[in-house]
Every structure is written in structure tokens, then in C-alpha cells.
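What follows is a short report on a single structure.
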Amino acid sequence: MVSFFGVLFCCILLNTARGQVCSDKMADSAVKALYKNLFTLQHQFTIFGHQDALAYGVGWKGISKQSDVKSVAGDYPGIYGWDIGHLELQSLNNIDNVSFRKMKQYIREGYQRGGVITISWHLHNPLTGGSSWDTTHGTIASILPGGNKHELFKTWLDRVAAFMNGLKDNNGQFIPVLFRPFHELTGNWFWWCKNVSTAVEFRSLWRFSVNYLRKDKGIHHLLYVYNTANFDNDADFLERYPGDDVVDLVSFDMYQHGKKEDKQEFIDAMRKQIRILCNVAAEKNKIAALAETGMEAVPDNEWWTGVLWPVIKDFPLSYVLVWRNHGYMQPKKKMHYYAPYPGQLSADNFKKFTTNPRILLEKGVKMKKVYQ
């Protein structure tokens, strides 16, 4: 019987022979280089990322060059996560109250130091005007060509295009972005999820959005990240997959909930899903990623080497990203953070995790010259 890793190795050889080419044939040179390098590096390294890392952390906000990850590990995260929710509403701040003006600055700073940028989009429900979590049936149908909210949705994509076109480095060159729209699509909590739309509708939404940004708006510095929640097998993961020509990375999100004593159950579930993910990535010649994970407030002092590392260590994952460090949430009266800060009980273990030679923070990513 051939092992999973034997099959994976054969797929890697086959994909190497085919070459690593991103889905956009008109992509900028830096984007093409990033795709090729992430594809190659994922078989040796995993980049560690953090959401909103430069904007705020536990006990601070808006301090220049600050980062909870850097304060603990001595280096910035290798990949920065941001979200453009509320951009479609022409708000000055995003869904997490980060100024879009400052976000562009943070993105530029991280990129100039050598980091990678990924952006998600918690967009409002265009049919009802509700939030992303308004799961009214028929929303996707309403924004597809011929739908009564199609023109409105196009104006939202226009605003996304304008924001992306504003992401340039100090030399005026576009900053490559891993764009992750319509994330966690196999869940049941967003208006684009599987419980309120058909697979055909979702694939049509994805293809329309990507082709509109590429062909109508001339955006060619994005790599597109297909992102699910839970799934049981390859077919389940790919049920809504829109096509190789509009996807560059395949990924999923999964968090540990409950007591820290339940960690083996979480490890086993994660490894099962990552095994499926990597199999799909190898078959599709795509990059694999764990786009969101973590455990709120990290109550396990050995979570990083005792949970996260056992989860990812045997698999070719380009990056793993933990969610944001909001700090104390007044309405819920609890701490909400996913990376340690100085003095947090898992801080020493996190530092140990980040010294693993297979984990890349920002300086490590810079040394790999991923944009060349």
C-alpha cells in the first residue's frame, strides 16, 4: 500500500515538472515570483502570520513599529493578515476599526521589510444591508449578472479595486497580495456559505468577482486564496471550487475551542483536514495554507510546540496565521487574542516555537527573497 507521503512526493515531482505558474497569465513579475517561491518553500518551511499585527495588540494601539509577536519573539510575523470589511460601505475604518489609510501604511511597511501580505473581506450583505453574518437566502443570486443587486455589487468591487491599486511600494510598484474573499465558504455563518447558496451560485460569484477585477479593473497583483471551514474529504473540499484558472492557494480555517485538555482531539481533527488539503493542493498544483487558526487567549502554556507544531510539522504548508490580538472585549467581558504578548503564559513556548528552523518570521522570509 502506497503511503500518503509517497503519493505526495510523486505529486511534488509531477508539479515541479509542470512548473509553478499562478492563475493570472498577466500577473506582475513580483506576483509570479511570490507564487513560485511560496510553492517551493512550502516543502521546507512554514511562514508564521498574525492578523492586524501592526495596528494594535494587547494593551496598546497605533504605536509605530509595535507588534506583540515581535515583542515576544524578537521579529515581526512573516505574513500579515488584514481585512477590508466596510470598505464597500466607503467607511474610513475597517470592520475592526483600523483606518484604511493606516492599513495601507502598515501593508507598505511590512512589505518593504520583506513580509507577505494577505487580505480577507468581511463584506456586508448587499441584498439586505446587513452584516456578513446576515444569512438571508438568495443573496448570491441577487448580485450575479441579471440580479437586482448586481450593479451595487460591482460598485463594491470597484472600491476593492481602488484600494488594491493604492497598494504600492516606495518605488511605485504594486504590492503583491494574497486575496482571500468569501472565506470559510463551507460554514453556515456568512451569506456566501453553503447553507444559503448552491454550489453553482458560489462558483459563479467567485468567477465573476475575479474576472471583473482582472479584466474590467486591470488588477494583476493578486493571488486568490480559496478558503473553507470544515470538510470531510477531497470531494467535500472541492464541491464549490471555481476552477484552477481563478485560484492560486487552497486553504481552510479551524480553531481550537473548549478546554486545553481536549488538545489531542483537536490535533487529530486538524491533521485529518490538512492531509486532505495537501492532497488537493498537490493534485491541483496549488499552494496550501492554514489561513486562520489559534486558541483564544492561549490558555495552554505549551500550545505552540505541543499543539500547533504537531498539527503542521508533517505537511507542506506555505503559511499558518493566527487571528488578531484585540485584548479585552468589554461587551463579552473576556480577553480576545491569539498570539502571546510579553508576560502571557505561553510566551516562552511561543519563542521556542519560532526558533524552529522550519518556521519563518519576517527576517527569514526576507532572506528567501520571495519576490525575486
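Just remember, in the C-alpha cells the first chain shown is A, the second B, etc., residues are 1-based per chain, and ligands are 1-based in the order shown.
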Hey, could you make a per-residue contact list for region 236-324 of chain A against region 81-88 of chain A with 10 Å as the cut-off, showing the nearest pair of atoms and its distance in Å to one decimal, counting only C-alpha atoms, sorted by chain and number, as a Markdown table?
```
| residue | atom | partner | partner_atom | distance |
| --- | --- | --- | --- | --- |
| A:Ala291 | CA | A:Gly81 | CA | 9.1 |
| A:Glu292 | CA | A:Gly81 | CA | 9.5 |
| A:Leu321 | CA | A:Gly81 | CA | 7.6 |
| A:Val322 | CA | A:Gly81 | CA | 8.9 |
| A:Trp323 | CA | A:Gly81 | CA | 8.2 |
| A:Arg324 | CA | A:Gly81 | CA | 8.7 |
```
Using DSSP on the backbone coordinates, identify the residues of region 28-271 of chain A assigned to strand (DSSP E); present them as a PyMOL selection string. chain A and resi 46-51+56-57+60-61+79-83+116-120+177-180+222-228+249-253
Which residues of region 90-145 of chain A have any atom within 7 Å of an atom in region 163-170 of chain A when counting only C-alpha atoms, and what is the closest pair of atoms for each, with the distance in Å to one decimal? Order the rows by chain and rising number and write it as JSON lines.
```
{"residue": "A:Lys104", "atom": "CA", "partner": "A:Leu167", "partner_atom": "CA", "distance": 6.4}
{"residue": "A:Arg108", "atom": "CA", "partner": "A:Asp169", "partner_atom": "CA", "distance": 5.9}
{"residue": "A:Gln112", "atom": "CA", "partner": "A:Asp169", "partner_atom": "CA", "distance": 7.0}
```
Please write the residues from the selection above to a file, keeping C-alpha atoms, as a compact mmCIF listing (two decimals), in the first residue's frame.
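Saved result, result-v2.txt, follows:
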```
# COMPACT_ATOMS: atom_id res chain seq x y z
CA LYS A 104 -2.09 50.91 3.58
CA ARG A 108 3.68 49.03 2.83
CA GLN A 112 9.23 46.80 2.45
```
Would you return as JSON, numbers by chain the members of region 53-141 of chain A that DSSP assigns to helix (DSSP H, G or I) on this structure's backbone? {"A": [68, 69, 70, 71, 72, 73, 87, 88, 89, 100, 101, 102, 103, 104, 105, 106, 107, 108, 109, 110, 111, 112, 139, 140, 141]}
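Minimum atom-to-atom distance to Gly243 (chain A), evaluated using only C-alpha atoms, belongs to A:Lys284 out of A:Lys284, A:His257, A:Lys351, A:Lys217.
Residue nearest Trp192 (chain A), chosen from A:Tyr241, A:Tyr106, A:Trp133, A:Phe100 and counting only C-alpha atoms: A:Trp133.
When only C-alpha atoms are used to compute distances to Met103 (chain A), the closest of the residues A:Ile359, A:Leu185, A:Ala55, A:Leu345 turns out to be A:Ala55.
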From the set A:Gly62, A:Gly343, A:Gly129, A:Gly78, which residue has the shortest atom-to-atom contact distance to Val365 (chain A), counting only C-alpha atoms? A:Gly78
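A straight line drawn from CA of Trp304 (chain A) to CA of Asp348 (chain A) is 9.6 Å long.
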Quick one: residues within 7 Å of Phe190 (chain A), only C-alpha atoms counted, chain neighbours fewer than 4 positions away excluded, as an mmCIF file with C-alpha atoms, in the first residue's frame?
```cif
data_model
loop_
_atom_site.group_PDB
_atom_site.id
_atom_site.type_symbol
_atom_site.label_atom_id
_atom_site.label_comp_id
_atom_site.auth_asym_id
_atom_site.auth_seq_id
_atom_site.Cartn_x
_atom_site.Cartn_y
_atom_site.Cartn_z
ATOM 1 C CA SER A 132 -21.542 39.393 6.731
ATOM 2 C CA TRP A 133 -23.383 37.218 9.243
ATOM 3 C CA ASP A 134 -26.810 38.038 7.756
ATOM 4 C CA THR A 135 -27.553 34.655 6.162
#
```
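The list of residues with at least one atom within 9 Å of Ile107 (chain A), based on only C-alpha atoms and without residues fewer than 6 positions apart in the same chain, reads Leu54, Tyr80, Trp82, Gly115, Val116, Ile117, Leu167 and Ile175 of chain A.
When the distance limit is 7 Å and only C-alpha atoms are what count, the residues near region 306-309 of chain A, minus those fewer than 4 positions from it on the same chain, are A:Lys263, A:Ile267, A:Glu302, A:Lys313.
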Output C-alpha atoms of each residue in that selection to a file, as a PDB file, in the first residue's frame.
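This is the output file result_28.pdb:
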```pdb
ATOM      1  CA  LYS A 263      -5.991  19.174  22.530  1.00  0.00           C
ATOM      2  CA  ILE A 267      -4.700  17.782  16.750  1.00  0.00           C
ATOM      3  CA  GLU A 302       2.808  24.730  25.702  1.00  0.00           C
ATOM      4  CA  LYS A 313       5.023  19.517  11.182  1.00  0.00           C
TER       5      LYS A 313
END
```
Of the candidates A:Leu157, A:Val177, A:Ile79, A:Met270, which shows the shortest atom-to-atom distance to Val311 (chain A), using only C-alpha atoms? A:Met270
Spatial neighbours of Leu238 (chain A), 12 Å, only C-alpha atoms, chain gap at least 2 places, as a VMD selection string: chain A and resid 185 to 186 199 202 to 203 226 to 236 240 to 244 247 250 to 252 276 to 277 279 to 281 283 to 284
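You can rank A:Ser64, A:Ser120, A:Gln256, A:Thr136 by their closest distance to Cys193 (chain A) using only C-alpha atoms, and at the top of that list sits A:Thr136.
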Take CA of Glu201 (chain A) and CA of Glu184 (chain A) and report the distance between them in Å, one decimal. 15.7 Å
Leaving out Phe315 (chain A) and any residue of its chain fewer than 6 positions from it, which residues lie within 12 Å of it when counting only C-alpha atoms, given as a PDB file with C-alpha atoms, in the first residue's frame?
```pdb
ATOM      1  CA  PHE A   4       0.188   9.370   1.789  1.00  0.00           C
ATOM      2  CA  PHE A   5       3.689  10.855   1.766  1.00  0.00           C
ATOM      3  CA  LEU A   8       2.540  13.454  -2.071  1.00  0.00           C
ATOM      4  CA  PHE A   9       6.192  13.098  -3.112  1.00  0.00           C
ATOM      5  CA  LEU A  41       9.314  26.936   0.092  1.00  0.00           C
ATOM      6  CA  GLN A  42       6.221  25.172   1.459  1.00  0.00           C
ATOM      7  CA  HIS A  43       8.023  21.836   1.187  1.00  0.00           C
ATOM      8  CA  GLN A  44      10.710  23.028   3.629  1.00  0.00           C
ATOM      9  CA  PHE A  45       9.282  25.931   5.622  1.00  0.00           C
ATOM     10  CA  THR A  46       6.058  27.354   7.015  1.00  0.00           C
ATOM     11  CA  MET A 270      -6.632  19.231  12.143  1.00  0.00           C
ATOM     12  CA  ARG A 271      -4.187  16.685  10.798  1.00  0.00           C
ATOM     13  CA  LYS A 272      -7.008  14.863   9.017  1.00  0.00           C
ATOM     14  CA  GLN A 273      -8.091  18.063   7.285  1.00  0.00           C
ATOM     15  CA  ILE A 274      -4.553  19.190   6.459  1.00  0.00           C
ATOM     16  CA  ARG A 275      -3.871  15.794   4.910  1.00  0.00           C
ATOM     17  CA  ILE A 276      -6.884  16.287   2.626  1.00  0.00           C
ATOM     18  CA  LEU A 277      -5.852  19.886   1.902  1.00  0.00           C
ATOM     19  CA  CYS A 278      -2.322  18.934   0.904  1.00  0.00           C
ATOM     20  CA  ASN A 279      -3.587  16.112  -1.268  1.00  0.00           C
ATOM     21  CA  ALA A 281      -3.048  21.124  -3.392  1.00  0.00           C
ATOM     22  CA  ALA A 282      -0.689  18.547  -4.891  1.00  0.00           C
ATOM     23  CA  ILE A 287      -0.120  26.286  -2.727  1.00  0.00           C
ATOM     24  CA  ALA A 288      -1.531  25.025   0.592  1.00  0.00           C
ATOM     25  CA  ALA A 289      -2.107  27.199   3.674  1.00  0.00           C
ATOM     26  CA  LEU A 290      -3.704  27.174   7.101  1.00  0.00           C
ATOM     27  CA  TRP A 309       3.683  22.191  15.799  1.00  0.00           C
ATOM     28  CA  ARG A 358      11.308  25.366   9.720  1.00  0.00           C
TER      29      ARG A 358
END
```
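Here CA of Lys70 (chain A) and CA of Val298 (chain A) stand 17.1 Å from one another.
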